[in-house]
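Printed here is target08.pdb (PDB, C-alpha atoms, pLDDT in the B column):
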```pdb
ATOM      1  CA  MET Z  42     -28.030  -5.304 -20.984  1.00 39.00           C
ATOM      2  CA  GLU Z  43     -25.109  -6.913 -19.191  1.00 47.00           C
ATOM      3  CA  GLY Z  44     -22.710  -6.741 -22.127  1.00 49.00           C
ATOM      4  CA  HIS Z  45     -22.879  -2.949 -22.410  1.00 61.00           C
ATOM      5  CA  MET Z  46     -22.400  -2.035 -18.782  1.00 75.00           C
ATOM      6  CA  ASN Z  47     -19.884   0.767 -18.304  1.00 86.00           C
ATOM      7  CA  THR Z  48     -16.832   0.113 -16.189  1.00 90.00           C
ATOM      8  CA  THR Z  49     -16.813   2.124 -12.977  1.00 91.00           C
ATOM      9  CA  ILE Z  50     -13.359   3.358 -12.039  1.00 92.00           C
ATOM     10  CA  TYR Z  51     -12.733   4.248  -8.398  1.00 94.00           C
ATOM     11  CA  LEU Z  52     -10.027   6.896  -8.047  1.00 94.00           C
ATOM     12  CA  CYS Z  53      -8.039   6.684  -4.829  1.00 94.00           C
ATOM     13  CA  ASP Z  54      -5.238   8.603  -3.160  1.00 91.00           C
ATOM     14  CA  ASP Z  55      -1.819   7.304  -2.270  1.00 87.00           C
ATOM     15  CA  ASN Z  56      -2.625   5.901   1.168  1.00 90.00           C
ATOM     16  CA  LEU Z  57      -4.009   2.737   2.737  1.00 93.00           C
ATOM     17  CA  ASP Z  58      -7.272   4.312   3.992  1.00 95.00           C
ATOM     18  CA  SER Z  59      -8.111   5.536   0.509  1.00 96.00           C
ATOM     19  CA  ILE Z  60      -7.247   2.214  -1.191  1.00 96.00           C
ATOM     20  CA  PHE Z  61      -9.231   0.190   1.384  1.00 97.00           C
ATOM     21  CA  THR Z  62     -12.200   2.601   1.082  1.00 97.00           C
ATOM     22  CA  ALA Z  63     -12.089   2.084  -2.704  1.00 96.00           C
ATOM     23  CA  VAL Z  64     -12.080  -1.697  -2.179  1.00 96.00           C
ATOM     24  CA  TYR Z  65     -15.100  -1.341   0.114  1.00 97.00           C
ATOM     25  CA  ASP Z  66     -17.023   0.938  -2.275  1.00 96.00           C
ATOM     26  CA  ALA Z  67     -16.263  -1.141  -5.373  1.00 95.00           C
ATOM     27  CA  TRP Z  68     -17.351  -4.335  -3.602  1.00 94.00           C
ATOM     28  CA  ALA Z  69     -20.473  -2.756  -2.101  1.00 93.00           C
ATOM     29  CA  SER Z  70     -21.527  -1.384  -5.511  1.00 90.00           C
ATOM     30  CA  ARG Z  71     -22.524  -4.938  -6.546  1.00 86.00           C
ATOM     31  CA  LYS Z  72     -21.640  -4.065 -10.129  1.00 87.00           C
ATOM     32  CA  GLY Z  73     -19.593  -7.243 -10.441  1.00 87.00           C
ATOM     33  CA  HIS Z  74     -15.803  -7.503 -10.280  1.00 88.00           C
ATOM     34  CA  ASN Z  75     -15.465  -7.310 -14.071  1.00 90.00           C
ATOM     35  CA  HIS Z  76     -17.227  -3.944 -14.147  1.00 91.00           C
ATOM     36  CA  VAL Z  77     -15.147  -2.131 -11.542  1.00 92.00           C
ATOM     37  CA  ARG Z  78     -11.543  -0.984 -11.491  1.00 93.00           C
ATOM     38  CA  LEU Z  79      -9.441   0.830  -8.920  1.00 94.00           C
ATOM     39  CA  GLN Z  80      -6.996   3.462 -10.063  1.00 92.00           C
ATOM     40  CA  MET Z  81      -4.557   5.820  -8.395  1.00 90.00           C
ATOM     41  CA  ASN Z  82      -5.599   9.449  -8.774  1.00 84.00           C
ATOM     42  CA  ARG Z  83      -2.300  10.575 -10.248  1.00 73.00           C
ATOM     43  CA  ALA Z  84      -2.361   7.876 -12.930  1.00 61.00           C
ATOM     44  CA  VAL Z  85      -5.644   8.851 -14.531  1.00 67.00           C
ATOM     45  CA  THR Z  86      -6.059   8.771 -18.282  1.00 73.00           C
ATOM     46  CA  MET Z  87      -9.755   9.247 -18.957  1.00 74.00           C
ATOM     47  CA  GLU Z  88     -11.291   6.435 -21.017  1.00 77.00           C
ATOM     48  CA  LEU Z  89     -14.506   6.272 -22.989  1.00 81.00           C
ATOM     49  CA  PHE Z  90     -17.421   4.260 -21.585  1.00 84.00           C
ATOM     50  CA  CYS Z  91     -16.122   4.522 -18.038  1.00 87.00           C
ATOM     51  CA  ASP Z  92     -17.743   6.178 -15.041  1.00 90.00           C
ATOM     52  CA  TYR Z  93     -15.310   7.792 -12.604  1.00 91.00           C
ATOM     53  CA  VAL Z  94     -15.909   7.908  -8.871  1.00 91.00           C
ATOM     54  CA  THR Z  95     -13.556   9.879  -6.614  1.00 93.00           C
ATOM     55  CA  VAL Z  96     -13.132   7.935  -3.400  1.00 95.00           C
ATOM     56  CA  ILE Z  97     -13.513   9.875  -0.145  1.00 94.00           C
ATOM     57  CA  PRO Z  98     -11.305   8.060   2.403  1.00 95.00           C
ATOM     58  CA  ASP Z  99     -13.421   6.686   5.249  1.00 96.00           C
ATOM     59  CA  SER Z 100     -11.609   5.176   8.223  1.00 96.00           C
ATOM     60  CA  THR Z 101     -14.658   3.072   9.226  1.00 96.00           C
ATOM     61  CA  LYS Z 102     -14.842   1.426   5.795  1.00 97.00           C
ATOM     62  CA  ALA Z 103     -11.049   1.028   5.679  1.00 97.00           C
ATOM     63  CA  GLU Z 104     -11.029  -0.611   9.122  1.00 97.00           C
ATOM     64  CA  SER Z 105     -13.841  -2.946   8.031  1.00 97.00           C
ATOM     65  CA  VAL Z 106     -11.791  -4.080   4.995  1.00 97.00           C
ATOM     66  CA  SER Z 107      -8.688  -4.430   7.160  1.00 97.00           C
ATOM     67  CA  ARG Z 108     -10.573  -6.591   9.696  1.00 97.00           C
ATOM     68  CA  SER Z 109     -12.099  -8.735   6.934  1.00 97.00           C
ATOM     69  CA  ILE Z 110      -8.678  -9.423   5.376  1.00 97.00           C
ATOM     70  CA  ARG Z 111      -7.207 -10.499   8.729  1.00 97.00           C
ATOM     71  CA  GLY Z 112     -10.246 -12.532   9.765  1.00 97.00           C
ATOM     72  CA  LYS Z 113     -11.503 -14.058   6.509  1.00 96.00           C
ATOM     73  CA  ILE Z 114      -8.175 -14.531   4.721  1.00 97.00           C
ATOM     74  CA  SER Z 115      -5.180 -14.292   7.081  1.00 97.00           C
ATOM     75  CA  PRO Z 116      -2.760 -11.917   8.843  1.00 97.00           C
ATOM     76  CA  LYS Z 117      -0.158 -12.950   6.248  1.00 97.00           C
ATOM     77  CA  ALA Z 118      -2.472 -11.785   3.443  1.00 97.00           C
ATOM     78  CA  TRP Z 119      -2.972  -8.468   5.285  1.00 97.00           C
ATOM     79  CA  HIS Z 120       0.796  -7.908   5.426  1.00 96.00           C
ATOM     80  CA  MET Z 121       1.081  -8.694   1.714  1.00 96.00           C
ATOM     81  CA  VAL Z 122      -1.669  -6.199   0.925  1.00 97.00           C
ATOM     82  CA  TYR Z 123      -0.097  -3.572   3.193  1.00 96.00           C
ATOM     83  CA  ARG Z 124       3.287  -3.866   1.487  1.00 96.00           C
ATOM     84  CA  ALA Z 125       1.664  -3.831  -1.965  1.00 97.00           C
ATOM     85  CA  ALA Z 126      -0.147  -0.598  -1.039  1.00 95.00           C
ATOM     86  CA  MET Z 127       3.256   0.999  -0.372  1.00 95.00           C
ATOM     87  CA  SER Z 128       4.460   0.086  -3.868  1.00 95.00           C
ATOM     88  CA  PRO Z 129       5.073   2.857  -6.419  1.00 93.00           C
ATOM     89  CA  GLU Z 130       3.191   0.913  -9.123  1.00 93.00           C
ATOM     90  CA  ASP Z 131       0.179   2.770 -10.545  1.00 91.00           C
ATOM     91  CA  SER Z 132      -1.751  -0.496 -10.779  1.00 94.00           C
ATOM     92  CA  ARG Z 133      -1.385  -1.333  -7.063  1.00 95.00           C
ATOM     93  CA  ALA Z 134      -4.939  -0.466  -5.930  1.00 96.00           C
ATOM     94  CA  ASP Z 135      -6.493  -2.673  -8.608  1.00 96.00           C
ATOM     95  CA  ASP Z 136      -3.869  -5.401  -8.016  1.00 97.00           C
ATOM     96  CA  ILE Z 137      -4.924  -5.450  -4.355  1.00 97.00           C
ATOM     97  CA  TYR Z 138      -8.604  -5.609  -5.294  1.00 96.00           C
ATOM     98  CA  ARG Z 139      -8.050  -8.586  -7.653  1.00 97.00           C
ATOM     99  CA  PHE Z 140      -6.018 -10.377  -4.981  1.00 97.00           C
ATOM    100  CA  LEU Z 141      -8.787  -9.851  -2.408  1.00 97.00           C
ATOM    101  CA  VAL Z 142     -11.446 -11.196  -4.787  1.00 95.00           C
ATOM    102  CA  GLY Z 143      -9.492 -14.475  -4.776  1.00 95.00           C
ATOM    103  CA  GLY Z 144      -8.671 -14.173  -1.090  1.00 96.00           C
ATOM    104  CA  PHE Z 145     -12.268 -13.858   0.096  1.00 95.00           C
ATOM    105  CA  TYR Z 146     -13.154 -16.829  -2.116  1.00 95.00           C
ATOM    106  CA  TYR Z 147     -10.276 -19.191  -1.250  1.00 96.00           C
ATOM    107  CA  GLY Z 148      -9.351 -18.019   2.246  1.00 96.00           C
ATOM    108  CA  ALA Z 149      -5.880 -18.333   3.781  1.00 96.00           C
ATOM    109  CA  ARG Z 150      -4.481 -20.654   1.094  1.00 96.00           C
ATOM    110  CA  VAL Z 151      -4.726 -17.893  -1.532  1.00 96.00           C
ATOM    111  CA  VAL Z 152      -1.240 -16.578  -0.625  1.00 95.00           C
ATOM    112  CA  ASP Z 153       0.310 -19.798  -1.982  1.00 95.00           C
ATOM    113  CA  MET Z 154      -1.768 -20.015  -5.179  1.00 95.00           C
ATOM    114  CA  LEU Z 155       1.003 -18.868  -7.495  1.00 93.00           C
ATOM    115  CA  THR Z 156      -0.787 -20.034 -10.627  1.00 95.00           C
ATOM    116  CA  GLU Z 157      -3.249 -17.152 -10.055  1.00 95.00           C
ATOM    117  CA  PRO Z 158      -2.047 -13.984 -11.871  1.00 96.00           C
ATOM    118  CA  ALA Z 159      -3.380 -11.749  -9.060  1.00 96.00           C
ATOM    119  CA  VAL Z 160      -1.371 -13.693  -6.458  1.00 97.00           C
ATOM    120  CA  ARG Z 161       1.806 -13.652  -8.567  1.00 97.00           C
ATOM    121  CA  ARG Z 162       1.387  -9.907  -9.006  1.00 97.00           C
ATOM    122  CA  MET Z 163       0.982  -9.436  -5.250  1.00 97.00           C
ATOM    123  CA  GLN Z 164       4.163 -11.458  -4.643  1.00 96.00           C
ATOM    124  CA  GLU Z 165       5.999  -9.303  -7.181  1.00 97.00           C
ATOM    125  CA  LEU Z 166       4.905  -6.019  -5.547  1.00 97.00           C
ATOM    126  CA  ASN Z 167       5.915  -7.432  -2.147  1.00 97.00           C
ATOM    127  CA  ARG Z 168       9.316  -8.529  -3.406  1.00 96.00           C
ATOM    128  CA  ASN Z 169      10.053  -5.114  -4.936  1.00 97.00           C
ATOM    129  CA  ILE Z 170       9.097  -3.269  -1.747  1.00 96.00           C
ATOM    130  CA  ALA Z 171      11.079  -5.725   0.425  1.00 96.00           C
ATOM    131  CA  ASN Z 172      14.147  -5.279  -1.803  1.00 97.00           C
ATOM    132  CA  GLU Z 173      13.926  -1.500  -1.702  1.00 97.00           C
ATOM    133  CA  THR Z 174      13.458  -1.489   2.092  1.00 97.00           C
ATOM    134  CA  HIS Z 175      16.423  -3.830   2.493  1.00 96.00           C
ATOM    135  CA  TYR Z 176      18.565  -1.627   0.256  1.00 97.00           C
ATOM    136  CA  HIS Z 177      17.851   1.429   2.418  1.00 97.00           C
ATOM    137  CA  LYS Z 178      18.529  -0.517   5.628  1.00 96.00           C
ATOM    138  CA  GLU Z 179      21.987  -1.289   4.239  1.00 95.00           C
ATOM    139  CA  PHE Z 180      22.895   2.070   2.732  1.00 95.00           C
ATOM    140  CA  LEU Z 181      21.042   4.743   4.711  1.00 96.00           C
ATOM    141  CA  ARG Z 182      23.490   7.153   6.352  1.00 95.00           C
ATOM    142  CA  PHE Z 183      22.659   9.703   9.039  1.00 96.00           C
ATOM    143  CA  ASP Z 184      24.244  13.124   9.447  1.00 95.00           C
ATOM    144  CA  ALA Z 185      24.198  14.817  12.855  1.00 92.00           C
ATOM    145  CA  THR Z 186      22.595  18.274  12.977  1.00 89.00           C
ATOM    146  CA  ILE Z 187      23.832  21.103  15.216  1.00 87.00           C
ATOM    147  CA  GLU Z 188      21.198  20.088  17.785  1.00 90.00           C
ATOM    148  CA  GLY Z 189      22.582  16.546  17.808  1.00 91.00           C
ATOM    149  CA  ILE Z 190      19.621  15.052  15.950  1.00 95.00           C
ATOM    150  CA  LEU Z 191      20.496  12.344  13.423  1.00 96.00           C
ATOM    151  CA  PHE Z 192      19.039  13.224  10.041  1.00 96.00           C
ATOM    152  CA  ALA Z 193      18.774  11.235   6.813  1.00 97.00           C
ATOM    153  CA  ARG Z 194      17.157  12.004   3.462  1.00 96.00           C
ATOM    154  CA  ILE Z 195      15.823   9.296   1.164  1.00 97.00           C
ATOM    155  CA  ARG Z 196      13.919   9.406  -2.128  1.00 96.00           C
ATOM    156  CA  PRO Z 197      12.564   5.856  -2.439  1.00 96.00           C
ATOM    157  CA  LYS Z 198      10.301   4.697  -5.253  1.00 95.00           C
ATOM    158  CA  GLY Z 199       7.991   2.975  -2.776  1.00 95.00           C
ATOM    159  CA  ASN Z 200       6.416   4.445   0.353  1.00 94.00           C
ATOM    160  CA  ILE Z 201       8.736   2.470   2.636  1.00 96.00           C
ATOM    161  CA  LEU Z 202       9.106   4.684   5.748  1.00 95.00           C
ATOM    162  CA  THR Z 203       6.816   2.534   7.909  1.00 95.00           C
ATOM    163  CA  MET Z 204       8.819  -0.579   7.005  1.00 95.00           C
ATOM    164  CA  LEU Z 205      12.229   1.057   7.260  1.00 96.00           C
ATOM    165  CA  THR Z 206      11.904   3.041  10.496  1.00 97.00           C
ATOM    166  CA  PRO Z 207      11.340   0.141  12.966  1.00 96.00           C
ATOM    167  CA  HIS Z 208      14.779  -1.210  11.949  1.00 96.00           C
ATOM    168  CA  PHE Z 209      16.496   2.032  12.969  1.00 96.00           C
ATOM    169  CA  ALA Z 210      14.223   2.622  15.979  1.00 96.00           C
ATOM    170  CA  ASP Z 211      15.468  -0.740  17.226  1.00 95.00           C
ATOM    171  CA  ARG Z 212      19.161  -0.064  16.539  1.00 95.00           C
ATOM    172  CA  LEU Z 213      19.158   3.591  17.611  1.00 95.00           C
ATOM    173  CA  SER Z 214      16.552   3.520  20.392  1.00 94.00           C
ATOM    174  CA  GLY Z 215      18.507   6.037  22.501  1.00 95.00           C
ATOM    175  CA  GLU Z 216      18.904   8.579  19.676  1.00 95.00           C
ATOM    176  CA  ASP Z 217      16.771  11.410  18.322  1.00 96.00           C
ATOM    177  CA  PHE Z 218      16.521  10.830  14.577  1.00 96.00           C
ATOM    178  CA  ILE Z 219      14.523  11.883  11.543  1.00 97.00           C
ATOM    179  CA  ILE Z 220      14.293  10.079   8.200  1.00 97.00           C
ATOM    180  CA  LEU Z 221      12.811  12.326   5.516  1.00 97.00           C
ATOM    181  CA  ASP Z 222      11.201  10.915   2.380  1.00 97.00           C
ATOM    182  CA  VAL Z 223      11.933  13.910   0.164  1.00 96.00           C
ATOM    183  CA  GLY Z 224       9.599  12.958  -2.689  1.00 93.00           C
ATOM    184  CA  ARG Z 225       6.557  12.430  -0.448  1.00 92.00           C
ATOM    185  CA  GLN Z 226       7.405  15.206   2.043  1.00 93.00           C
ATOM    186  CA  LEU Z 227       6.913  12.626   4.785  1.00 94.00           C
ATOM    187  CA  ALA Z 228       9.178  12.186   7.784  1.00 96.00           C
ATOM    188  CA  ALA Z 229       9.631   9.454  10.369  1.00 97.00           C
ATOM    189  CA  VAL Z 230      10.477  11.147  13.666  1.00 97.00           C
ATOM    190  CA  HIS Z 231      12.067   9.170  16.496  1.00 97.00           C
ATOM    191  CA  PRO Z 232      12.475  10.930  19.864  1.00 96.00           C
ATOM    192  CA  ALA Z 233      15.131   9.157  21.978  1.00 94.00           C
ATOM    193  CA  GLY Z 234      13.632   6.344  24.059  1.00 93.00           C
ATOM    194  CA  LYS Z 235      10.099   6.920  22.726  1.00 95.00           C
ATOM    195  CA  GLU Z 236       7.853   5.622  19.957  1.00 96.00           C
ATOM    196  CA  TRP Z 237       8.501   6.968  16.465  1.00 96.00           C
ATOM    197  CA  TYR Z 238       5.757   8.650  14.430  1.00 96.00           C
ATOM    198  CA  LEU Z 239       5.131  10.004  10.927  1.00 94.00           C
ATOM    199  CA  ALA Z 240       4.954  13.735  10.305  1.00 94.00           C
TER
END
```

Written as structure tokens, how would this file's structure read?
Amino acid sequence: MEGHMNTTIYLCDDNLDSIFTAVYDAWASRKGHNHVRLQMNRAVTMELFCDYVTVIPDSTKAESVSRSIRGKISPKAWHMVYRAAMSPEDSRADDIYRFLVGGFYYGARVVDMLTEPAVRRMQELNRNIANETHYHKEFLRFDATIEGILFARIRPKGNILTMLTPHFADRLSGEDFIILDVGRQLAAVHPAGKEWYLA
């Protein structure tokens, strides 16, 4: 009985691999897009008539979703999805899923279909993350430690380190610096003259 099918809610962690694995699993379940939902683990309020599935991040599935977005929609759509995944919004995993449903149907032109609620939502998440990243580019200040390493603390709403760090890696390529996201206990580490990495 189609009308009484429970909604399956896929619970994912706060990272791209987990969100993309949830997209993969929800799609592969063939339950139909109206019967699946993606939710961030920390935002769970248990609902009646819902089945909960905890997503185990799988880099092979995540890579498959990533490749499909780039190939079947567009690189621009992939960047939009990436930025949306870094948003602090609890709805972001499901927002991404809804956007991809349209994206795999319409292809590259989906990014400009602003009459679609899922596309408008994606634009909104992107704008918020871009604004927050820009704000930190303008106002981030480094202190020098005793060892001569430049150190900065931030507590952004969004997970913006990967979008913020290239800006400083470019400007301060000859410096050792660390930007610490205090709330996420995540640091971008830049050894002078080398590639930066997350720790």

I would like the residues chosen by the PyMOL selection byres ((chain Z and resi 64-80) around 9) on the shown file; could you give them as a ChimeraX atom specification? /Z:46-54,59-63,81-85,96,102-103,105-106,131-139,141-142

Write the residues you've just listed into a file as a JSON list (two decimals), in the frame of the given file, and include C-alpha atoms for each of them.
```json
[["chain", "number", "residue", "atom", "x", "y", "z"],
["Z", 46, "MET", "CA", -22.40, -2.04, -18.78],
["Z", 47, "ASN", "CA", -19.88, 0.77, -18.30],
["Z", 48, "THR", "CA", -16.83, 0.11, -16.19],
["Z", 49, "THR", "CA", -16.81, 2.12, -12.98],
["Z", 50, "ILE", "CA", -13.36, 3.36, -12.04],
["Z", 51, "TYR", "CA", -12.73, 4.25, -8.40],
["Z", 52, "LEU", "CA", -10.03, 6.90, -8.05],
["Z", 53, "CYS", "CA", -8.04, 6.68, -4.83],
["Z", 54, "ASP", "CA", -5.24, 8.60, -3.16],
["Z", 59, "SER", "CA", -8.11, 5.54, 0.51],
["Z", 60, "ILE", "CA", -7.25, 2.21, -1.19],
["Z", 61, "PHE", "CA", -9.23, 0.19, 1.38],
["Z", 62, "THR", "CA", -12.20, 2.60, 1.08],
["Z", 63, "ALA", "CA", -12.09, 2.08, -2.70],
["Z", 81, "MET", "CA", -4.56, 5.82, -8.40],
["Z", 82, "ASN", "CA", -5.60, 9.45, -8.77],
["Z", 83, "ARG", "CA", -2.30, 10.58, -10.25],
["Z", 84, "ALA", "CA", -2.36, 7.88, -12.93],
["Z", 85, "VAL", "CA", -5.64, 8.85, -14.53],
["Z", 96, "VAL", "CA", -13.13, 7.94, -3.40],
["Z", 102, "LYS", "CA", -14.84, 1.43, 5.80],
["Z", 103, "ALA", "CA", -11.05, 1.03, 5.68],
["Z", 105, "SER", "CA", -13.84, -2.95, 8.03],
["Z", 106, "VAL", "CA", -11.79, -4.08, 5.00],
["Z", 131, "ASP", "CA", 0.18, 2.77, -10.54],
["Z", 132, "SER", "CA", -1.75, -0.50, -10.78],
["Z", 133, "ARG", "CA", -1.38, -1.33, -7.06],
["Z", 134, "ALA", "CA", -4.94, -0.47, -5.93],
["Z", 135, "ASP", "CA", -6.49, -2.67, -8.61],
["Z", 136, "ASP", "CA", -3.87, -5.40, -8.02],
["Z", 137, "ILE", "CA", -4.92, -5.45, -4.36],
["Z", 138, "TYR", "CA", -8.60, -5.61, -5.29],
["Z", 139, "ARG", "CA", -8.05, -8.59, -7.65],
["Z", 141, "LEU", "CA", -8.79, -9.85, -2.41],
["Z", 142, "VAL", "CA", -11.45, -11.20, -4.79]]
```

Taking 5 positions as the minimum chain separation for residues in the same chain, which residues sit within 9 Å of Phe192 (chain Z) when counting all atoms listed in the file? Answer as number ranges by chain. Z: 182-186, 217-221

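Counting all atoms listed in the file and comparing Z:Gly148, Z:Arg225, Z:Ser100, Z:Thr95, the residue that lies closest to Lys113 (chain Z) is Z:Gly148.
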
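Taking CA of Ala240 (chain Z) and CA of Glu173 (chain Z) as endpoints, the distance between them is 21.4 Å.
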
Interatomic distance between CA of Val230 (chain Z) and CA of Arg168 (chain Z)?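 Distance reported for this atom pair: 26.1 Å.
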
Identify all residues satisfying the PyMOL selection byres ((chain Z and resi 198) around 9) in the given file; provide them as a PDB file with C-alpha atoms, in the frame of the given file.
```pdb
ATOM      1  CA  SER Z 128       4.460   0.086  -3.868  1.00 95.00           C
ATOM      2  CA  PRO Z 129       5.073   2.857  -6.419  1.00 93.00           C
ATOM      3  CA  GLU Z 130       3.191   0.913  -9.123  1.00 93.00           C
ATOM      4  CA  ILE Z 170       9.097  -3.269  -1.747  1.00 96.00           C
ATOM      5  CA  GLU Z 173      13.926  -1.500  -1.702  1.00 97.00           C
ATOM      6  CA  ARG Z 196      13.919   9.406  -2.128  1.00 96.00           C
ATOM      7  CA  PRO Z 197      12.564   5.856  -2.439  1.00 96.00           C
ATOM      8  CA  GLY Z 199       7.991   2.975  -2.776  1.00 95.00           C
ATOM      9  CA  ASN Z 200       6.416   4.445   0.353  1.00 94.00           C
ATOM     10  CA  ILE Z 201       8.736   2.470   2.636  1.00 96.00           C
ATOM     11  CA  GLY Z 224       9.599  12.958  -2.689  1.00 93.00           C
TER      12      GLY Z 224
END
```

Cut-off 10 Å around (17.2, -0.2, 3.4) with all atoms listed in the file: residues as a VMD selection string: chain Z and resid 171 to 181 195 197 201 to 202 204 to 206 208 to 209

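Each of Z:Phe140, Z:Tyr238, Z:Trp119, Z:Phe90 was compared to Glu104 (chain Z) using only C-alpha atoms, and Z:Trp119 turns out to be the nearest.
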
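Distances to Arg161 (chain Z) were evaluated for Z:Met87, Z:Ala210, Z:Ala229, Z:Met121 using all atoms listed in the file, and the minimum falls at Z:Met121.
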
Please report the interatomic distance between CA of Arg124 (chain Z) and CA of Leu57 (chain Z) in Å with one decimal.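 Atom-to-atom, CA of Arg124 (chain Z) to CA of Leu57 (chain Z), that is 9.9 Å.
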
Shortest interatomic distance to Lys117 (chain Z) - which of Z:Thr101, Z:Tyr147, Z:Asp153, Z:Ile190, counting only C-alpha atoms: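 Looking only at the distances to Lys117 (chain Z), the closest residue turns out to be Z:Asp153.
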
Between Z:Glu216, Z:Glu188, Z:Glu157, Z:Asp99, single out the one closest to Gly234 (chain Z), counting all atoms listed in the file.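 Looking only at the distances to Gly234 (chain Z), the closest residue turns out to be Z:Glu216.
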
Please fill the gaps in region 129-140 of chain Z so it has N, CA and C atoms, and write that as an mmCIF file, keeping the file's coordinate frame.
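The resulting file, result00.cif, is shown below:
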```cif
data_model
loop_
_atom_site.group_PDB
_atom_site.id
_atom_site.type_symbol
_atom_site.label_atom_id
_atom_site.label_comp_id
_atom_site.auth_asym_id
_atom_site.auth_seq_id
_atom_site.Cartn_x
_atom_site.Cartn_y
_atom_site.Cartn_z
ATOM 1 N N PRO Z 129 5.244 1.683 -5.554
ATOM 2 C CA PRO Z 129 5.073 2.857 -6.419
ATOM 3 C C PRO Z 129 4.264 2.556 -7.684
ATOM 4 N N GLU Z 130 3.883 1.302 -7.883
ATOM 5 C CA GLU Z 130 3.191 0.913 -9.123
ATOM 6 C C GLU Z 130 1.802 1.553 -9.211
ATOM 7 N N ASP Z 131 1.487 2.136 -10.357
ATOM 8 C CA ASP Z 131 0.179 2.770 -10.545
ATOM 9 C C ASP Z 131 -0.976 1.772 -10.484
ATOM 10 N N SER Z 132 -0.689 0.516 -10.747
ATOM 11 C CA SER Z 132 -1.751 -0.496 -10.779
ATOM 12 C C SER Z 132 -2.061 -1.076 -9.396
ATOM 13 N N ARG Z 133 -1.337 -0.621 -8.349
ATOM 14 C CA ARG Z 133 -1.385 -1.333 -7.063
ATOM 15 C C ARG Z 133 -2.771 -1.449 -6.437
ATOM 16 N N ALA Z 134 -3.604 -0.401 -6.549
ATOM 17 C CA ALA Z 134 -4.939 -0.466 -5.930
ATOM 18 C C ALA Z 134 -5.772 -1.568 -6.586
ATOM 19 N N ASP Z 135 -5.728 -1.636 -7.910
ATOM 20 C CA ASP Z 135 -6.493 -2.673 -8.608
ATOM 21 C C ASP Z 135 -5.876 -4.057 -8.379
ATOM 22 N N ASP Z 136 -4.536 -4.123 -8.308
ATOM 23 C CA ASP Z 136 -3.869 -5.401 -8.016
ATOM 24 C C ASP Z 136 -4.346 -5.947 -6.667
ATOM 25 N N ILE Z 137 -4.466 -5.048 -5.694
ATOM 26 C CA ILE Z 137 -4.924 -5.450 -4.355
ATOM 27 C C ILE Z 137 -6.362 -5.947 -4.431
ATOM 28 N N TYR Z 138 -7.193 -5.217 -5.160
ATOM 29 C CA TYR Z 138 -8.604 -5.609 -5.294
ATOM 30 C C TYR Z 138 -8.721 -7.015 -5.890
ATOM 31 N N ARG Z 139 -7.977 -7.266 -6.982
ATOM 32 C CA ARG Z 139 -8.050 -8.586 -7.653
ATOM 33 C C ARG Z 139 -7.574 -9.693 -6.708
ATOM 34 N N PHE Z 140 -6.533 -9.400 -5.946
ATOM 35 C CA PHE Z 140 -6.018 -10.377 -4.981
ATOM 36 C C PHE Z 140 -7.087 -10.686 -3.917
#
```
